[in-house]
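What follows is a set of notes on a single structure, which appears directly below.
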Amino acid sequence: MICELIDARKVYPMGDLEVVALKGVSVGVEAGEFTVFAGPSGSGKSTALNLIGCLDRPSSGKVKVDGRDVEALGDNALGEVRARRIGFIFQSFNLVPVLTAAENVDLALRLAGINEGRADRVEQSLVDVGLKDYMGRRPAQLSGGQQQRVAIARALVKRPAIVIADEPTANLDSVNAEAILDLMRDMNERDGATFLFSTHDPMVMGRARRVVRLKDGEIVADERK
Ligand code: ADP
Ligand code: MG
């Protein structure tokens with residue numbers, strides 16, 4: 001199992017109240033899977049991805065990445081797991097606006113402490129997402145679909161154990177959304193990269209090999225195709 005939630009519960013304080021975003025969820029992802037967390041808005045998809053992506057810690061229960069218990073790691077070690085082992089693709093891309101596409105991708109390598117062959121790796125990962133001729137452009141000079149491709153290249157350049165994408169098609173039109181899904185499936189099939197993403201888009205669910213359905217912070221179905 002490449003990553004795992006074990007009876008993970010997440011409670012967010014909201015003034016005097018508490019929001020229970022995950023009610024003790026257990027789910028594991030195997031290396032090479034192409035899995036989607038599906039469910040309506042507010043069902044806990046982003047919370048679950050943030051826990052697996054080591055961006056947040058559970059209120060109780062366990063998170064394991066690469067077989068390591070995330071709870072036992074200090075903040076520095078956790079940051080290292082996040083930088084080296086996980087490629088996170090955010091819904092709104094989160095590219096650095098003053099950096100070019102190539103510099104954005106390179107930054108991920110620098111943050112992961114990877115120095116060897118950096119320029120070649122940056123170029124190859126941008127070629128892989130079809131952006132060979134756009135490496136010197138800044139995010140504002142790229143379309144939404146192209147920005148999402150840069151975000152994918154940035155996530156993949158580290159060759160992470162797992163690529164996590166929170167609603168990767170939410171900010172794209174349907175043509176770009178399908179192209180991005182095809183690209184991720186190609187990378188999954190060609191390189192065996194593990195993909196885990198969230199969506200409430202039926203097109204995206206249709207392309208996943210495994211659909212884990214969440215509702216009100218609980219898993220209500222887990223289907224493999
Ligand atoms: P989804 O991604 O499926 O839309 P989320 O994981 O974002 O669901 O949210 C699950 C629940 O937790 C929702 O009720 C949401 O309002 C709440 N929630 C998410 N993040 C926070 C937060 N930082 N503070 C308070 N409540 C939150
Ligand atoms: Mg969400």
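Letters A, B, ... mark the chains of the structure tokens in the order given; residue numbers begin at 1 per chain; ligand numbers begin at 1, in order shown.
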Output as CSV one row per residue of chain A within 12 Å of ligand 2: the closest atom pair and its distance in Å to one decimal place, counting only C-alpha atoms and all ligand atoms, sorted by chain and residue number ascending.
residue,atom,partner,partner_atom_place_in_ligand_line,distance
A:Ala21,CA,ligand 2,1 (Mg),11.0
A:Phe37,CA,ligand 2,1 (Mg),10.1
A:Ala38,CA,ligand 2,1 (Mg),10.0
A:Gly39,CA,ligand 2,1 (Mg),9.4
A:Pro40,CA,ligand 2,1 (Mg),8.9
A:Ser41,CA,ligand 2,1 (Mg),6.5
A:Gly42,CA,ligand 2,1 (Mg),6.9
A:Ser43,CA,ligand 2,1 (Mg),8.1
A:Gly44,CA,ligand 2,1 (Mg),7.0
A:Lys45,CA,ligand 2,1 (Mg),5.4
A:Ser46,CA,ligand 2,1 (Mg),4.1
A:Thr47,CA,ligand 2,1 (Mg),7.2
A:Ala48,CA,ligand 2,1 (Mg),9.2
A:Leu49,CA,ligand 2,1 (Mg),8.8
A:Asn50,CA,ligand 2,1 (Mg),9.7
A:Phe90,CA,ligand 2,1 (Mg),10.0
A:Gln91,CA,ligand 2,1 (Mg),8.3
A:Ser92,CA,ligand 2,1 (Mg),11.3
A:Ala165,CA,ligand 2,1 (Mg),10.4
A:Asp166,CA,ligand 2,1 (Mg),6.7
A:Glu167,CA,ligand 2,1 (Mg),7.0
A:Pro168,CA,ligand 2,1 (Mg),10.6
A:Ala170,CA,ligand 2,1 (Mg),10.0
A:Phe197,CA,ligand 2,1 (Mg),10.3
A:Ser198,CA,ligand 2,1 (Mg),7.4
A:Thr199,CA,ligand 2,1 (Mg),8.0
A:His200,CA,ligand 2,1 (Mg),9.2
A:Leu214,CA,ligand 2,1 (Mg),11.5
A:Gly217,CA,ligand 2,1 (Mg),11.9
Please dump the current selection as a compact mmCIF listing (two decimals), in the first residue's frame; keep C-alpha atoms.
# COMPACT_ATOMS: atom_id res chain seq x y z
CA ALA A 21 -15.27 16.61 7.88
CA PHE A 37 -12.49 10.23 -4.54
CA ALA A 38 -15.95 11.19 -5.74
CA GLY A 39 -18.78 12.89 -3.93
CA PRO A 40 -20.76 16.09 -3.67
CA SER A 41 -19.28 19.35 -2.43
CA GLY A 42 -18.63 19.18 1.31
CA SER A 43 -18.34 15.38 1.42
CA GLY A 44 -14.73 15.47 2.66
CA LYS A 45 -12.77 14.86 -0.57
CA SER A 46 -10.27 17.71 -0.15
CA THR A 47 -9.84 16.94 3.54
CA ALA A 48 -8.98 13.32 2.71
CA LEU A 49 -6.51 14.36 -0.01
CA ASN A 50 -4.89 16.94 2.28
CA PHE A 90 -4.06 22.10 -6.55
CA GLN A 91 -7.46 23.05 -7.90
CA SER A 92 -6.30 26.59 -8.70
CA ALA A 165 -4.87 16.17 -7.68
CA ASP A 166 -7.73 18.05 -6.05
CA GLU A 167 -10.48 18.49 -8.68
CA PRO A 168 -7.94 18.65 -11.54
CA ALA A 170 -12.63 22.04 -12.03
CA PHE A 197 -7.68 12.69 -7.28
CA SER A 198 -11.01 14.12 -6.26
CA THR A 199 -13.87 15.14 -8.47
CA HIS A 200 -17.59 15.50 -8.79
CA LEU A 214 -17.68 9.85 -0.08
CA GLY A 217 -17.41 12.40 5.65
Point to revise | Shell of 12 Å around A:Arg82, only C-alpha atoms, local chain residues under 4 positions omitted, as a ChimeraX atom specification | key: /A:50-56,65-66,70,73,75-78,86-88,108,111-113,155,158,160-164
Review point. Per DSSP on the backbone, what are the helix (DSSP H, G or I) residues of chain A, as a PyMOL selection string?
Key: chain A and resi 45-52+70-72+75-85+101-111+118-128+132-134+139-141+144-156+174-191+202-207
Exercise for review: Fewer than 4 positions away in the same chain doesn't count, so skip those; otherwise give me all residues within 12 Å of A:Ser174, counting only C-alpha atoms, as a VMD selection string.
Suggested key: chain A and resid 144 to 145 168 to 170 178 to 181 201 to 204
Point to revise | Atom pair atom CA of A:Gly130 / atom CA of A:Gly32: separation (Å) | key: 22.4 Å
Check your understanding: In stretch 47-97 of chain A, what's strand (DSSP E or B) per DSSP? Answer as an MDAnalysis selection string?
Key -> chainID A and resid 60:65 68:69 86:89
Output N, CA, C and O atoms for every residue in that selection, as a JSON list (two decimals), in the first residue's frame.
[["chain", "number", "residue", "atom", "x", "y", "z"],
["A", 60, "SER", "N", -7.82, 12.35, 14.69],
["A", 60, "SER", "CA", -7.47, 11.04, 15.26],
["A", 60, "SER", "C", -7.40, 10.04, 14.11],
["A", 60, "SER", "O", -7.82, 10.34, 13.00],
["A", 61, "GLY", "N", -6.85, 8.87, 14.41],
["A", 61, "GLY", "CA", -6.63, 7.88, 13.34],
["A", 61, "GLY", "C", -5.24, 8.05, 12.75],
["A", 61, "GLY", "O", -4.46, 8.87, 13.24],
["A", 62, "LYS", "N", -4.95, 7.27, 11.74],
["A", 62, "LYS", "CA", -3.59, 7.25, 11.18],
["A", 62, "LYS", "C", -3.56, 7.56, 9.70],
["A", 62, "LYS", "O", -4.50, 7.26, 8.97],
["A", 63, "VAL", "N", -2.43, 8.15, 9.27],
["A", 63, "VAL", "CA", -2.14, 8.34, 7.86],
["A", 63, "VAL", "C", -0.79, 7.67, 7.61],
["A", 63, "VAL", "O", 0.16, 7.92, 8.35],
["A", 64, "LYS", "N", -0.72, 6.79, 6.61],
["A", 64, "LYS", "CA", 0.55, 6.17, 6.27],
["A", 64, "LYS", "C", 0.90, 6.50, 4.83],
["A", 64, "LYS", "O", 0.06, 6.41, 3.94],
["A", 65, "VAL", "N", 2.15, 6.91, 4.61],
["A", 65, "VAL", "CA", 2.66, 7.14, 3.26],
["A", 65, "VAL", "C", 3.93, 6.32, 3.14],
["A", 65, "VAL", "O", 4.80, 6.40, 4.02],
["A", 68, "ARG", "N", 5.07, 4.49, 6.10],
["A", 68, "ARG", "CA", 5.50, 5.21, 7.31],
["A", 68, "ARG", "C", 4.32, 5.93, 7.94],
["A", 68, "ARG", "O", 3.52, 6.56, 7.26],
["A", 69, "ASP", "N", 4.26, 5.83, 9.26],
["A", 69, "ASP", "CA", 3.21, 6.48, 10.01],
["A", 69, "ASP", "C", 3.51, 7.98, 10.08],
["A", 69, "ASP", "O", 4.50, 8.39, 10.69],
["A", 86, "ILE", "N", 5.52, 13.21, -2.68],
["A", 86, "ILE", "CA", 4.15, 13.53, -3.09],
["A", 86, "ILE", "C", 4.15, 14.67, -4.09],
["A", 86, "ILE", "O", 4.81, 15.69, -3.88],
["A", 87, "GLY", "N", 3.43, 14.48, -5.18],
["A", 87, "GLY", "CA", 3.21, 15.57, -6.13],
["A", 87, "GLY", "C", 1.77, 16.02, -5.98],
["A", 87, "GLY", "O", 0.86, 15.25, -6.25],
["A", 88, "PHE", "N", 1.57, 17.24, -5.53],
["A", 88, "PHE", "CA", 0.21, 17.73, -5.26],
["A", 88, "PHE", "C", -0.19, 18.73, -6.34],
["A", 88, "PHE", "O", 0.52, 19.70, -6.58],
["A", 89, "ILE", "N", -1.33, 18.47, -6.99],
["A", 89, "ILE", "CA", -1.85, 19.39, -8.00],
["A", 89, "ILE", "C", -3.08, 20.06, -7.40],
["A", 89, "ILE", "O", -4.07, 19.40, -7.11]]
Point to revise | Pick from A:Arg137, A:Gly74, A:Ser59, A:Lys10 nearest to ligand 1, counting only C-alpha atoms and all ligand atoms | key: A:Lys10
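Nearest to ligand 1 of all the residues A:Arg85, A:Pro13, A:Gly24, A:Met1 is A:Pro13, based on only C-alpha atoms and all ligand atoms.
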Review point. Atom CA of A:Thr35 and atom CA of A:Val157, how far apart in Å?
Key: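 The value is 20.4 Å.
Closest approach to ligand 1 from the set A:Ala153, A:Val11, A:Val25, A:Val220 is made by A:Val11, with distances taken over only C-alpha atoms and all ligand atoms.
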Revision key, fill the gap. The distance between atom CA of A:Pro58 and atom CA of A:Asn171 is 27.8 Å
